[in-house]
$ cat start_5.cif   # mmCIF, C-alpha atoms
data_protein
#
loop_
_atom_site.label_atom_id
_atom_site.label_comp_id
_atom_site.auth_asym_id
_atom_site.auth_seq_id
_atom_site.Cartn_x
_atom_site.Cartn_y
_atom_site.Cartn_z
CA MET Q 1 9.39 -7.54 23.57
CA LYS Q 2 6.53 -9.85 22.61
CA SER Q 3 7.47 -13.53 22.67
CA GLU Q 4 4.39 -15.24 21.22
CA ILE Q 5 2.52 -14.68 17.99
CA ASP Q 6 -1.23 -14.06 17.81
CA PRO Q 7 -3.13 -17.37 17.28
CA SER Q 8 -5.56 -15.69 14.88
CA GLY Q 9 -2.61 -14.40 12.85
CA LYS Q 10 -1.11 -17.87 12.79
CA ALA Q 11 -4.39 -19.28 11.43
CA ALA Q 12 -4.57 -16.61 8.71
CA VAL Q 13 -0.98 -17.26 7.63
CA LYS Q 14 -1.61 -21.01 7.54
CA ARG Q 15 -4.58 -20.47 5.23
CA LEU Q 16 -2.48 -18.32 2.87
CA LEU Q 17 0.11 -21.10 2.67
CA ASP Q 18 -2.35 -24.01 2.52
CA GLU Q 19 -4.26 -22.38 -0.35
CA HIS Q 20 -0.97 -21.52 -2.15
CA VAL Q 21 -1.63 -17.79 -2.16
CA CYS Q 22 1.86 -17.29 -0.67
CA ALA Q 23 4.75 -19.70 -1.16
CA THR Q 24 6.55 -18.90 2.11
CA ALA Q 25 5.97 -16.79 5.21
CA VAL Q 26 7.94 -15.33 8.08
CA TYR Q 27 5.85 -14.40 11.14
CA LEU Q 28 7.31 -12.73 14.23
CA PRO Q 29 5.75 -11.36 17.41
CA GLU Q 30 7.69 -8.11 16.96
CA THR Q 31 10.14 -6.43 14.59
CA ALA Q 32 11.29 -2.92 13.83
CA SER Q 33 9.91 -2.91 10.27
CA THR Q 34 8.60 -5.75 8.10
CA ASN Q 35 9.90 -3.94 4.99
CA THR Q 36 13.39 -3.68 6.48
CA LEU Q 37 13.30 -7.33 7.51
CA ALA Q 38 12.11 -8.40 4.05
CA ILE Q 39 14.89 -6.41 2.35
CA HIS Q 40 17.46 -8.07 4.62
CA GLN Q 41 16.09 -11.51 3.76
CA VAL Q 42 16.28 -10.87 0.02
CA ARG Q 43 19.87 -9.68 0.28
CA SER Q 44 21.12 -12.33 2.70
CA GLU Q 45 19.29 -15.48 1.54
CA ALA Q 46 19.62 -17.51 -1.63
CA MET Q 47 15.95 -16.82 -2.34
CA ASP Q 48 14.69 -18.28 -5.60
CA SER Q 49 11.40 -17.62 -7.36
CA SER Q 50 9.79 -20.76 -5.92
CA GLN Q 51 9.83 -19.06 -2.49
CA LEU Q 52 7.81 -16.12 -3.76
CA PRO Q 53 5.50 -14.49 -3.01
CA ARG Q 54 6.74 -14.38 0.58
CA LEU Q 55 4.70 -12.84 3.39
CA VAL Q 56 6.60 -11.07 6.18
CA LEU Q 57 4.32 -10.37 9.11
CA ALA Q 58 4.72 -9.06 12.66
CA ASP Q 59 2.17 -8.50 15.38
CA GLN Q 60 3.97 -5.32 16.37
CA GLN Q 61 6.29 -2.95 14.47
CA THR Q 62 8.44 -0.65 16.58
CA GLY Q 63 9.96 1.32 13.69
CA GLY Q 64 7.57 1.08 10.78
CA ARG Q 65 8.41 3.25 7.78
CA GLY Q 66 6.22 5.25 5.47
CA ARG Q 67 7.07 7.16 2.31
CA MET Q 68 9.61 10.01 2.32
CA GLY Q 69 11.17 8.93 5.61
CA ARG Q 70 8.00 9.22 7.65
CA GLN Q 71 7.30 6.89 10.57
CA TRP Q 72 4.25 4.63 10.35
CA GLU Q 73 2.42 4.36 13.67
CA SER Q 74 0.98 0.94 14.50
CA ASP Q 75 -0.59 -0.88 17.43
CA ASP Q 76 -2.67 -4.01 18.09
CA GLY Q 77 -5.45 -2.62 15.92
CA THR Q 78 -3.21 -2.07 12.88
CA LEU Q 79 -2.49 -4.66 10.19
CA THR Q 80 1.11 -4.28 9.01
CA PHE Q 81 2.85 -6.70 6.66
CA SER Q 82 5.17 -6.91 3.67
CA LEU Q 83 5.18 -9.08 0.57
CA VAL Q 84 8.29 -10.04 -1.39
CA VAL Q 85 7.36 -10.28 -5.07
CA GLU Q 86 8.99 -10.06 -8.49
CA ALA Q 87 7.88 -7.18 -10.67
CA GLY Q 88 8.78 -5.81 -14.08
CA THR Q 89 7.92 -2.19 -13.32
CA MET Q 90 7.88 0.05 -10.26
CA GLU Q 91 5.96 3.02 -11.69
CA THR Q 92 2.52 1.41 -11.65
CA LEU Q 93 3.12 -1.13 -8.87
CA PRO Q 94 1.84 0.98 -5.92
CA LEU Q 95 -1.27 1.85 -7.95
CA ALA Q 96 -2.00 -1.84 -8.57
CA VAL Q 97 -1.45 -2.68 -4.90
CA GLY Q 98 -3.95 0.02 -3.97
CA VAL Q 99 -6.51 -1.34 -6.43
CA GLY Q 100 -6.04 -4.87 -5.04
CA ILE Q 101 -6.62 -3.72 -1.46
CA ALA Q 102 -9.62 -1.62 -2.51
CA ARG Q 103 -11.24 -4.55 -4.31
CA ALA Q 104 -10.79 -6.79 -1.28
CA ILE Q 105 -12.16 -4.29 1.22
CA ASP Q 106 -15.10 -3.33 -1.01
CA PHE Q 107 -16.04 -7.01 -1.33
CA GLU Q 108 -15.68 -7.78 2.37
CA PHE Q 109 -17.53 -4.68 3.55
CA ALA Q 110 -20.01 -3.87 0.76
CA PRO Q 111 -21.35 -1.31 -0.05
CA LEU Q 112 -18.18 0.44 1.16
CA MET Q 113 -16.20 2.20 -1.60
CA LEU Q 114 -12.48 2.77 -1.04
CA ARG Q 115 -10.76 5.64 -2.84
CA LEU Q 116 -7.06 5.90 -3.70
CA LYS Q 117 -4.76 8.91 -3.32
CA TRP Q 118 -1.85 8.90 -5.77
CA PRO Q 119 0.53 7.27 -5.40
CA ASN Q 120 0.03 5.15 -2.30
CA ASP Q 121 -2.68 6.15 0.21
CA LEU Q 122 -5.96 4.39 0.96
CA ILE Q 123 -8.86 6.79 1.52
CA LEU Q 124 -12.22 6.06 3.17
CA GLY Q 125 -14.63 8.96 2.92
CA ASP Q 126 -12.14 11.80 3.17
CA SER Q 127 -9.95 10.09 5.79
CA LYS Q 128 -6.81 7.97 5.51
CA LEU Q 129 -7.33 4.26 6.10
CA GLY Q 130 -3.79 3.15 5.34
CA GLY Q 131 -0.73 3.41 3.18
CA ILE Q 132 1.57 1.47 0.85
CA LEU Q 133 5.37 1.52 0.62
CA CYS Q 134 6.98 -0.28 -2.34
CA GLU Q 135 10.76 -0.64 -2.39
CA ALA Q 136 12.91 -2.27 -5.07
CA VAL Q 137 15.82 -4.33 -3.74
CA GLN Q 138 19.22 -3.88 -5.35
CA GLU Q 139 20.70 -7.35 -5.88
CA SER Q 140 24.14 -8.29 -7.16
CA THR Q 141 22.78 -11.15 -9.28
CA PRO Q 142 19.81 -10.54 -11.64
CA THR Q 143 16.80 -12.82 -11.29
CA PRO Q 144 16.36 -15.47 -14.04
CA SER Q 145 13.20 -13.71 -15.22
CA GLY Q 146 14.95 -10.35 -15.44
CA LYS Q 147 12.44 -8.87 -13.01
CA ARG Q 148 13.31 -7.08 -9.80
CA ARG Q 149 12.59 -8.25 -6.30
CA VAL Q 150 10.23 -5.72 -4.76
CA ILE Q 151 8.99 -5.30 -1.20
CA VAL Q 152 5.34 -4.29 -0.92
CA GLY Q 153 4.66 -2.90 2.54
CA VAL Q 154 1.10 -2.30 3.75
CA GLY Q 155 -0.24 -0.57 6.85
CA LEU Q 156 -3.98 -0.63 7.44
CA ASN Q 157 -6.01 0.85 10.30
CA VAL Q 158 -8.39 -1.99 11.09
CA SER Q 159 -9.71 -1.43 14.63
CA SER Q 160 -7.73 1.67 15.62
CA ALA Q 161 -6.25 4.74 13.94
CA PRO Q 162 -3.42 7.10 14.90
CA ASP Q 163 -4.40 10.53 16.16
CA PHE Q 164 -2.66 13.06 13.95
CA VAL Q 165 -3.74 16.36 12.46
CA GLY Q 166 -1.95 18.49 9.89
CA PRO Q 167 -2.73 21.12 7.26
CA ASP Q 168 -4.16 19.57 4.10
CA VAL Q 169 -3.52 16.08 5.51
CA PRO Q 170 -6.55 13.77 5.72
CA PRO Q 171 -7.31 12.56 9.26
CA ALA Q 172 -6.90 8.86 9.98
CA ILE Q 173 -9.83 6.47 10.25
CA SER Q 174 -10.18 2.74 10.96
CA LEU Q 175 -12.41 0.16 9.32
CA SER Q 176 -14.15 -0.43 12.63
CA GLN Q 177 -14.96 3.27 12.98
CA HIS Q 178 -16.41 3.45 9.50
CA VAL Q 179 -18.56 0.32 9.56
CA GLY Q 180 -19.58 0.74 13.21
CA ARG Q 181 -18.61 -2.68 14.51
CA PRO Q 182 -15.50 -4.44 15.82
CA ILE Q 183 -13.22 -5.93 13.18
CA LYS Q 184 -10.23 -8.14 13.93
CA ARG Q 185 -7.12 -7.25 11.97
CA TYR Q 186 -6.20 -10.81 10.99
CA GLY Q 187 -9.74 -11.41 9.77
CA VAL Q 188 -8.89 -9.28 6.72
CA LEU Q 189 -5.34 -10.54 6.08
CA PHE Q 190 -6.31 -13.35 3.70
CA PRO Q 191 -8.59 -11.34 1.37
CA ILE Q 192 -6.21 -8.37 1.27
CA VAL Q 193 -3.08 -10.41 0.46
CA SER Q 194 -5.05 -12.41 -2.10
CA GLY Q 195 -6.42 -9.21 -3.65
CA ILE Q 196 -2.97 -7.63 -3.94
CA LEU Q 197 -1.36 -10.66 -5.57
CA SER Q 198 -4.27 -11.17 -7.96
CA THR Q 199 -4.12 -7.55 -9.08
CA LEU Q 200 -0.33 -7.65 -9.51
CA SER Q 201 -0.82 -10.61 -11.84
CA GLU Q 202 -3.48 -8.63 -13.73
CA LEU Q 203 -1.05 -5.70 -14.00
CA GLU Q 204 1.36 -7.96 -15.93
CA ASN Q 205 -1.32 -9.15 -18.37
CA ALA Q 206 -3.84 -6.30 -18.61
CA PRO Q 207 -2.28 -3.12 -17.21
CA GLU Q 208 -4.87 -0.76 -18.68
CA SER Q 209 -7.62 -2.61 -16.80
CA VAL Q 210 -5.86 -1.96 -13.49
CA LEU Q 211 -5.02 1.66 -14.31
CA GLY Q 212 -8.59 2.25 -15.47
CA GLU Q 213 -9.88 1.12 -12.11
CA PHE Q 214 -7.37 3.32 -10.32
CA ARG Q 215 -8.71 6.27 -12.31
CA SER Q 216 -12.26 5.47 -11.21
CA ARG Q 217 -11.13 5.46 -7.57
CA CYS Q 218 -8.71 8.42 -7.74
CA TRP Q 219 -9.36 10.78 -4.83
CA LEU Q 220 -7.38 13.61 -6.43
CA SER Q 221 -8.97 13.71 -9.90
CA GLY Q 222 -10.59 17.08 -10.59
CA GLN Q 223 -9.32 18.50 -7.31
CA LEU Q 224 -7.00 21.41 -6.60
CA ILE Q 225 -3.71 20.05 -5.28
CA ARG Q 226 -0.42 21.34 -3.89
CA PHE Q 227 2.88 19.77 -4.90
CA THR Q 228 6.56 20.60 -5.24
CA ARG Q 229 8.44 20.62 -8.56
CA GLY Q 230 12.15 20.92 -8.00
CA ASN Q 231 12.21 23.14 -4.94
CA GLU Q 232 9.25 25.22 -6.04
CA PRO Q 233 5.85 24.77 -4.34
CA MET Q 234 3.05 24.80 -6.90
CA THR Q 235 -0.70 24.34 -7.17
CA GLY Q 236 -2.84 22.98 -9.95
CA ARG Q 237 -5.86 20.84 -10.79
CA CYS Q 238 -5.37 17.08 -10.97
CA LEU Q 239 -6.29 15.55 -14.34
CA GLY Q 240 -5.73 11.93 -13.23
CA ILE Q 241 -3.01 9.49 -14.25
CA ASP Q 242 -1.45 8.74 -17.62
CA PRO Q 243 -0.74 5.22 -19.03
CA THR Q 244 2.59 5.08 -17.15
CA GLY Q 245 0.96 5.81 -13.79
CA HIS Q 246 2.24 9.38 -13.58
CA LEU Q 247 -0.01 12.16 -12.29
CA ARG Q 248 -1.14 14.85 -14.75
CA VAL Q 249 -1.70 18.33 -13.34
CA GLN Q 250 -3.14 21.42 -15.04
CA THR Q 251 -1.39 24.54 -13.77
CA GLN Q 252 -2.14 28.10 -14.81
CA ASP Q 253 0.40 27.87 -17.62
CA THR Q 254 0.72 24.25 -18.73
CA ILE Q 255 0.07 20.57 -18.05
CA LEU Q 256 2.73 18.91 -15.91
CA THR Q 257 3.44 15.21 -15.32
CA LEU Q 258 4.57 14.06 -11.89
CA GLY Q 259 6.40 10.76 -11.52
CA SER Q 260 6.82 10.93 -7.76
CA GLY Q 261 6.52 13.28 -4.82
CA ASP Q 262 4.21 14.37 -2.05
CA VAL Q 263 0.82 15.73 -3.12
CA GLN Q 264 -1.84 17.31 -0.92
CA ARG Q 265 -5.44 17.89 -1.87
CA LEU Q 266 -6.48 21.44 -1.01
CA ARG Q 267 -9.64 21.93 0.98
CA PRO Q 268 -12.15 24.37 -0.52
CA ALA Q 269 -11.75 27.91 0.85
#
$ encode --input "start_5.cif" --output "structure tokens"
Amino acid sequence: MKSEIDPSGKAAVKRLLDEHVCATAVYLPETASTNTLAIHQVRSEAMDSSQLPRLVLADQQTGGRGRMGRQWESDDGTLTFSLVVEAGTMETLPLAVGVGIARAIDFEFAPLMLRLKWPNDLILGDSKLGGILCEAVQESTPTPSGKRRVIVGVGLNVSSAPDFVGPDVPPAISLSQHVGRPIKRYGVLFPIVSGILSTLSELENAPESVLGEFRSRCWLSGQLIRFTRGNEPMTGRCLGIDPTGHLRVQTQDTILTLGSGDVQRLRPA
């Protein structure tokens, strides 16, 4: 097990705290999952709103989690962290997080253009750059604001990418591979965390602005997709997202609305 944290990570966390982007931070050399650790902290601590947003960061995750029970692979070239925030809605939250990350990466690496795969994947070209896992925490005592505590987990391939191949699954890519030069993972922590939190604030005040940008970046719009409704596998053409953040799909017979699930874009025959 690692015993010391990365000095460059320490400097990035200090900047987030010094500039009041995050209120508190927990930084470990190693943990199983930053999302799991953040959930435990919310449930076990008397955490009030003045301690949020909280950053939970680890140099290495040994049991990182993705959506639908998948494992998230990470190494020294992967940026993995979680944010504890308060949110009024879960439906559009992952979409706003994706927009925030995309804005930050586009700015830092212009003229790069990041696309977003509903509901939570980050796409560069036609390859997967990273993913988002948002989890609401069930608490016995409601927050004073009436909002829920939510864990926003992010995994981003900065200087390395996992080697996996599957049918209708985009291959992984790293930022370094795409831009053709070395990039340090903690060099992008500050702009990405800042971008996420800024966009979450915008979601509260101007949700249509955030959803409109997601639509402009949607990797599935206009594409043939495969999905499951109930236990039935189906195909259709993606029409984009509605005002609630749900995916609209034109099938042969009707227009369906998907609130959650696993969606694959079909490659042309």
$ atom_distance --input "start_5.cif" --atom1 "CA of Leu247 in chain Q" --atom2 "CA of Ser221 in chain Q"
9.4 Å
$ residues_around --input "start_5.cif" --residues "Ser49 in chain Q" --least-positions-apart "2" --cutoff "12 Å" --atoms "all atoms listed in the file" --output "ChimeraX atom specification"
/Q:22-24,42,46-47,51-54,84-87,142-149
$ resolve_selection --input "start_5.cif" --expression "the PyMOL selection byres ((chain Q and resi 135) around 6)" --output "list in words"
Cys134, Ala136, Val150 and Ile151 of chain Q
$ residues_around --input "start_5.cif" --residues "range 92-109 of chain Q" --least-positions-apart "2" --cutoff "7 Å" --atoms "all atoms listed in the file" --output "CSV table (one decimal) with C-alpha atoms, keeping the file's coordinate frame"
chain,number,residue,atom,x,y,z
Q,89,THR,CA,7.9,-2.2,-13.3
Q,90,MET,CA,7.9,0.0,-10.3
Q,111,PRO,CA,-21.4,-1.3,0.0
Q,112,LEU,CA,-18.2,0.4,1.2
Q,113,MET,CA,-16.2,2.2,-1.6
Q,114,LEU,CA,-12.5,2.8,-1.0
Q,116,LEU,CA,-7.1,5.9,-3.7
Q,119,PRO,CA,0.5,7.3,-5.4
Q,120,ASN,CA,0.0,5.2,-2.3
Q,122,LEU,CA,-6.0,4.4,1.0
Q,132,ILE,CA,1.6,1.5,0.8
Q,134,CYS,CA,7.0,-0.3,-2.3
Q,191,PRO,CA,-8.6,-11.3,1.4
Q,192,ILE,CA,-6.2,-8.4,1.3
Q,195,GLY,CA,-6.4,-9.2,-3.6
Q,196,ILE,CA,-3.0,-7.6,-3.9
Q,199,THR,CA,-4.1,-7.6,-9.1
Q,200,LEU,CA,-0.3,-7.6,-9.5
Q,203,LEU,CA,-1.0,-5.7,-14.0
Q,210,VAL,CA,-5.9,-2.0,-13.5
Q,214,PHE,CA,-7.4,3.3,-10.3
Q,244,THR,CA,2.6,5.1,-17.2
Q,245,GLY,CA,1.0,5.8,-13.8
$ residues_around --input "start_5.cif" --residues "Val179 in chain Q" --least-positions-apart "3" --cutoff "10 Å" --atoms "all atoms listed in the file" --output "number ranges by chain"
Q: 109-110, 112, 174-176, 182-183
$ atom_distance --input "start_5.cif" --atom1 "CA of Gly155 in chain Q" --atom2 "CA of Gly63 in chain Q"
12.4 Å
$ resolve_selection --input "start_5.cif" --expression "the PyMOL selection byres ((chain Q and resi 253) around 12)" --output "number ranges by chain"
Q: 234-237, 249-252, 254-256
$ atom_distance --input "start_5.cif" --atom1 "CA of Gly130 in chain Q" --atom2 "CA of Val263 in chain Q"
15.8 Å
$ resolve_selection --input "start_5.cif" --expression "the PyMOL selection byres ((chain Q and resi 187) around 10)" --output "ChimeraX atom specification"
/Q:8-9,11-12,79,158,183-186,188-192
$ closest_residue --input "start_5.cif" --among "Q:Gly131, Q:Gly153, Q:Pro7, Q:Pro207" --to "Gly88 in chain Q" --atoms "only C-alpha atoms"
Q:Pro207
$ axis_aligned_box --input "start_5.cif" --around "range 152-156 of chain Q" --padding-each-side "4 Å" --output "AutoDock Vina command-line options"
--center_x 0.7 --center_y -2.4 --center_z 3.3 --size_x 17.3 --size_y 11.7 --size_z 16.4
$ residues_around --input "start_5.cif" --residues "Gln60 in chain Q" --least-positions-apart "4" --cutoff "9 Å" --atoms "only C-alpha atoms" --output "list in words"
Lys2, Leu28, Pro29, Glu30, Thr31, Ala32, Ser33, Ser74, Asp75, Asp76, Thr78, Leu79 and Thr80 of chain Q
$ decode --input "start_5.cif" --residues "range 97-212 of chain Q" --atoms "C-alpha atoms" --output "PDB file, in the first residue's frame"
ATOM      1  CA  VAL Q  97     -21.055  17.254 -14.521  1.00  0.00           C
ATOM      2  CA  GLY Q  98     -20.202  16.120 -18.039  1.00  0.00           C
ATOM      3  CA  VAL Q  99     -20.716  19.628 -19.409  1.00  0.00           C
ATOM      4  CA  GLY Q 100     -18.482  21.076 -16.674  1.00  0.00           C
ATOM      5  CA  ILE Q 101     -15.662  18.648 -17.448  1.00  0.00           C
ATOM      6  CA  ALA Q 102     -16.045  19.236 -21.193  1.00  0.00           C
ATOM      7  CA  ARG Q 103     -15.830  23.010 -20.785  1.00  0.00           C
ATOM      8  CA  ALA Q 104     -12.676  22.704 -18.683  1.00  0.00           C
ATOM      9  CA  ILE Q 105     -10.919  20.313 -21.045  1.00  0.00           C
ATOM     10  CA  ASP Q 106     -11.900  22.293 -24.145  1.00  0.00           C
ATOM     11  CA  PHE Q 107     -10.465  25.451 -22.581  1.00  0.00           C
ATOM     12  CA  GLU Q 108      -7.242  23.819 -21.404  1.00  0.00           C
ATOM     13  CA  PHE Q 109      -6.598  21.959 -24.653  1.00  0.00           C
ATOM     14  CA  ALA Q 110      -8.189  24.109 -27.377  1.00  0.00           C
ATOM     15  CA  PRO Q 111      -9.224  23.444 -30.116  1.00  0.00           C
ATOM     16  CA  LEU Q 112     -10.161  20.044 -28.651  1.00  0.00           C
ATOM     17  CA  MET Q 113     -13.918  19.349 -28.554  1.00  0.00           C
ATOM     18  CA  LEU Q 114     -15.195  16.833 -25.995  1.00  0.00           C
ATOM     19  CA  ARG Q 115     -18.442  14.983 -26.688  1.00  0.00           C
ATOM     20  CA  LEU Q 116     -20.795  13.455 -24.113  1.00  0.00           C
ATOM     21  CA  LYS Q 117     -22.505  10.050 -24.211  1.00  0.00           C
ATOM     22  CA  TRP Q 118     -25.756   9.959 -22.244  1.00  0.00           C
ATOM     23  CA  PRO Q 119     -25.857   9.708 -19.344  1.00  0.00           C
ATOM     24  CA  ASN Q 120     -22.293   9.746 -18.054  1.00  0.00           C
ATOM     25  CA  ASP Q 121     -19.429   9.042 -20.485  1.00  0.00           C
ATOM     26  CA  LEU Q 122     -16.813  11.458 -21.800  1.00  0.00           C
ATOM     27  CA  ILE Q 123     -15.996  10.922 -25.483  1.00  0.00           C
ATOM     28  CA  LEU Q 124     -12.958  12.183 -27.415  1.00  0.00           C
ATOM     29  CA  GLY Q 125     -13.206  11.508 -31.122  1.00  0.00           C
ATOM     30  CA  ASP Q 126     -15.045   8.200 -30.980  1.00  0.00           C
ATOM     31  CA  SER Q 127     -13.157   6.900 -27.930  1.00  0.00           C
ATOM     32  CA  LYS Q 128     -13.930   6.964 -24.217  1.00  0.00           C
ATOM     33  CA  LEU Q 129     -11.894   9.457 -22.205  1.00  0.00           C
ATOM     34  CA  GLY Q 130     -13.601   8.892 -18.872  1.00  0.00           C
ATOM     35  CA  GLY Q 131     -16.778   8.376 -16.927  1.00  0.00           C
ATOM     36  CA  ILE Q 132     -18.986   9.830 -14.196  1.00  0.00           C
ATOM     37  CA  LEU Q 133     -20.773   8.058 -11.338  1.00  0.00           C
ATOM     38  CA  CYS Q 134     -23.275  10.102  -9.295  1.00  0.00           C
ATOM     39  CA  GLU Q 135     -24.750   8.523  -6.171  1.00  0.00           C
ATOM     40  CA  ALA Q 136     -27.307  10.029  -3.788  1.00  0.00           C
ATOM     41  CA  VAL Q 137     -26.663   9.304  -0.109  1.00  0.00           C
ATOM     42  CA  GLN Q 138     -29.584   8.201   2.038  1.00  0.00           C
ATOM     43  CA  GLU Q 139     -29.403  10.142   5.308  1.00  0.00           C
ATOM     44  CA  SER Q 140     -31.561   9.788   8.400  1.00  0.00           C
ATOM     45  CA  THR Q 141     -31.745  13.563   8.935  1.00  0.00           C
ATOM     46  CA  PRO Q 142     -32.708  15.857   6.009  1.00  0.00           C
ATOM     47  CA  THR Q 143     -30.344  18.717   5.182  1.00  0.00           C
ATOM     48  CA  PRO Q 144     -31.517  22.223   6.219  1.00  0.00           C
ATOM     49  CA  SER Q 145     -31.824  23.195   2.552  1.00  0.00           C
ATOM     50  CA  GLY Q 146     -33.935  20.148   1.751  1.00  0.00           C
ATOM     51  CA  LYS Q 147     -31.395  19.062  -0.848  1.00  0.00           C
ATOM     52  CA  ARG Q 148     -29.710  15.677  -0.959  1.00  0.00           C
ATOM     53  CA  ARG Q 149     -26.062  14.957  -0.388  1.00  0.00           C
ATOM     54  CA  VAL Q 150     -24.703  13.549  -3.628  1.00  0.00           C
ATOM     55  CA  ILE Q 151     -21.361  11.954  -4.446  1.00  0.00           C
ATOM     56  CA  VAL Q 152     -19.971  12.898  -7.851  1.00  0.00           C
ATOM     57  CA  GLY Q 153     -17.288  10.419  -8.876  1.00  0.00           C
ATOM     58  CA  VAL Q 154     -15.018  11.101 -11.855  1.00  0.00           C
ATOM     59  CA  GLY Q 155     -12.491   8.899 -13.628  1.00  0.00           C
ATOM     60  CA  LEU Q 156     -10.414  10.461 -16.397  1.00  0.00           C
ATOM     61  CA  ASN Q 157      -7.712   8.897 -18.572  1.00  0.00           C
ATOM     62  CA  VAL Q 158      -5.046  11.590 -18.510  1.00  0.00           C
ATOM     63  CA  SER Q 159      -1.737   9.954 -19.495  1.00  0.00           C
ATOM     64  CA  SER Q 160      -2.841   6.325 -19.826  1.00  0.00           C
ATOM     65  CA  ALA Q 161      -5.958   4.384 -20.815  1.00  0.00           C
ATOM     66  CA  PRO Q 162      -7.174   0.859 -20.031  1.00  0.00           C
ATOM     67  CA  ASP Q 163      -6.942  -1.690 -22.812  1.00  0.00           C
ATOM     68  CA  PHE Q 164     -10.422  -3.096 -23.322  1.00  0.00           C
ATOM     69  CA  VAL Q 165     -12.397  -4.034 -26.403  1.00  0.00           C
ATOM     70  CA  GLY Q 166     -16.047  -4.990 -26.661  1.00  0.00           C
ATOM     71  CA  PRO Q 167     -18.865  -5.012 -29.210  1.00  0.00           C
ATOM     72  CA  ASP Q 168     -20.361  -1.543 -29.676  1.00  0.00           C
ATOM     73  CA  VAL Q 169     -18.196  -0.218 -26.815  1.00  0.00           C
ATOM     74  CA  PRO Q 170     -15.939   2.743 -27.663  1.00  0.00           C
ATOM     75  CA  PRO Q 171     -12.230   2.048 -27.086  1.00  0.00           C
ATOM     76  CA  ALA Q 172     -10.471   3.999 -24.349  1.00  0.00           C
ATOM     77  CA  ILE Q 173      -8.174   6.928 -25.060  1.00  0.00           C
ATOM     78  CA  SER Q 174      -6.104   9.281 -22.895  1.00  0.00           C
ATOM     79  CA  LEU Q 175      -5.631  13.025 -23.153  1.00  0.00           C
ATOM     80  CA  SER Q 176      -1.927  12.510 -23.754  1.00  0.00           C
ATOM     81  CA  GLN Q 177      -2.619  10.175 -26.669  1.00  0.00           C
ATOM     82  CA  HIS Q 178      -4.996  12.631 -28.279  1.00  0.00           C
ATOM     83  CA  VAL Q 179      -2.927  15.802 -27.947  1.00  0.00           C
ATOM     84  CA  GLY Q 180       0.396  14.052 -28.594  1.00  0.00           C
ATOM     85  CA  ARG Q 181       2.308  15.230 -25.542  1.00  0.00           C
ATOM     86  CA  PRO Q 182       2.744  14.215 -21.897  1.00  0.00           C
ATOM     87  CA  ILE Q 183       0.115  15.542 -19.498  1.00  0.00           C
ATOM     88  CA  LYS Q 184       0.292  15.192 -15.721  1.00  0.00           C
ATOM     89  CA  ARG Q 185      -2.960  14.109 -14.120  1.00  0.00           C
ATOM     90  CA  TYR Q 186      -2.887  16.634 -11.268  1.00  0.00           C
ATOM     91  CA  GLY Q 187      -2.224  19.434 -13.740  1.00  0.00           C
ATOM     92  CA  VAL Q 188      -5.885  19.190 -14.771  1.00  0.00           C
ATOM     93  CA  LEU Q 189      -7.447  18.664 -11.328  1.00  0.00           C
ATOM     94  CA  PHE Q 190      -8.025  22.350 -10.553  1.00  0.00           C
ATOM     95  CA  PRO Q 191      -9.751  23.326 -13.824  1.00  0.00           C
ATOM     96  CA  ILE Q 192     -11.882  20.173 -13.894  1.00  0.00           C
ATOM     97  CA  VAL Q 193     -13.128  20.483 -10.294  1.00  0.00           C
ATOM     98  CA  SER Q 194     -13.740  24.199 -10.816  1.00  0.00           C
ATOM     99  CA  GLY Q 195     -15.610  23.495 -14.060  1.00  0.00           C
ATOM    100  CA  ILE Q 196     -17.847  20.881 -12.447  1.00  0.00           C
ATOM    101  CA  LEU Q 197     -18.801  23.049  -9.474  1.00  0.00           C
ATOM    102  CA  SER Q 198     -19.410  26.111 -11.649  1.00  0.00           C
ATOM    103  CA  THR Q 199     -21.702  24.144 -13.949  1.00  0.00           C
ATOM    104  CA  LEU Q 200     -23.603  22.589 -11.030  1.00  0.00           C
ATOM    105  CA  SER Q 201     -24.290  26.117  -9.794  1.00  0.00           C
ATOM    106  CA  GLU Q 202     -25.475  27.074 -13.287  1.00  0.00           C
ATOM    107  CA  LEU Q 203     -27.755  24.021 -13.307  1.00  0.00           C
ATOM    108  CA  GLU Q 204     -29.556  25.424 -10.244  1.00  0.00           C
ATOM    109  CA  ASN Q 205     -30.062  28.861 -11.813  1.00  0.00           C
ATOM    110  CA  ALA Q 206     -30.237  28.264 -15.570  1.00  0.00           C
ATOM    111  CA  PRO Q 207     -30.851  24.559 -16.234  1.00  0.00           C
ATOM    112  CA  GLU Q 208     -31.851  25.006 -19.874  1.00  0.00           C
ATOM    113  CA  SER Q 209     -28.470  26.608 -20.610  1.00  0.00           C
ATOM    114  CA  VAL Q 210     -26.671  23.525 -19.303  1.00  0.00           C
ATOM    115  CA  LEU Q 211     -29.000  21.069 -21.038  1.00  0.00           C
ATOM    116  CA  GLY Q 212     -28.697  23.031 -24.278  1.00  0.00           C
TER     117      GLY Q 212
END
